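Student: First the structure, then my questions, so here it is.
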Amino acid sequence: MIVYDGLKSDFLRSVENDTIAMEIEANVRQKMGLHPSKNEFQSWNNSLNYMYKVMTDSLIPSNAGIAIEYNVPQTSKRVDFMITGYDESHTPGMVIVELKQWSELKKVADSDALVETFTGGAIRRVVHPSYQAWSYAQLISDYSLALFCIIIIDKRQIL
């Protein structure tokens, strides 16, 4: 399930109109039956204003797809921000962005996947956002392949 989806132009307009966080909040309530916290609402407001600055790059086509708070199927994982589209040879592609409100972090010795940062009222070891984005890409890829295989099996059963 995708909480928010649209084109780059839709996303930019929602941020310019200061409605993006309200749109996401309304969709989370409607689609997921959840009531986002004040902190979650504020993080959307903050982070998506930064993503607005990134997305104004003219090299990103205005018809690129944007998905916010995409729920990875069969998991409780939510991808913060996705950009989708096609390259020059019409091959589909996707960029996954994990957004954090951290002010600083420290490398964890002997671990490529973990960092230390202040979150939840204490210094904690957490997954590095790049590793988190990579793991989401793997999950989505695995799910898509599984879905593709199920479709093939269903078509064979029909024949």
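Scheme for the structure tokens: letters A, B, ... for chains in order shown; per-chain residue numbers from 1; ligand numbers from 1 in order shown.
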Write out as a PyMOL selection string each polymer residue whose atoms come within 10 Å of Lys8 of chain A, counting only C-alpha atoms; drop sequence neighbours fewer than 6 positions from it.

Tutor: chain A and resi 14+52+55-56+60-67+83-84

Student: So that I can check the surroundings of Asn39 of chain A, please list as a list of chain:residue names every protein, DNA and RNA residue that reaches within 12 Å of it, counting only C-alpha atoms and ignoring chain neighbours fewer than 5 positions away.

Tutor: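 Near Asn39 of chain A, the qualifying residues are A:Ala21, A:Glu25, A:Trp44, A:Asn45, A:Asn46, A:Ser47, A:Gln101, A:Gly120.
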
Student: Run DSSP on the backbone and tell me which residues of chain A come out as strand (DSSP E); list them as an NGL selection string.

Tutor: :A and (2-7 or 65-71 or 78-86 or 92-97 or 106-107 or 114-119 or 122-127)

Student: Quick one: distance from atom CA of Leu12 of chain A to atom CA of Lys31 of chain A in Å, one decimal?

Tutor: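 We find that atom CA of Leu12 of chain A and atom CA of Lys31 of chain A lie 22.4 Å from each other.
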
Student: Do you have the atom CA of Ser141 of chain A-atom CA of Asp10 of chain A distance handy?

Tutor: 26.2 Å

Student: In terms of the shortest atom-to-atom distance over only C-alpha atoms, which of A:Asp5, A:Thr75, A:Asp87, A:Val108 is closest to Leu139 of chain A?

Tutor: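 Closest candidate: A:Thr75.
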
Student: Counting only C-alpha atoms, what is within 7 Å of segment 80-82 of chain A, bar same-chain residues fewer than 3 positions away, as a list in words?

Tutor: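 Surrounding residues, per the criterion: Ile66, Ala67, Ile68, Glu69, Tyr70, Met94, Val95, Ile96, Val97, Glu98 and Leu99 of chain A.
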
Student: Considering only C-alpha atoms, can you say which of A:Ile24, A:Asn71, A:Pro129, A:Met51 comes closest to Glu116 of chain A?

Tutor: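 Under the stated criterion, the closest residue is A:Pro129.
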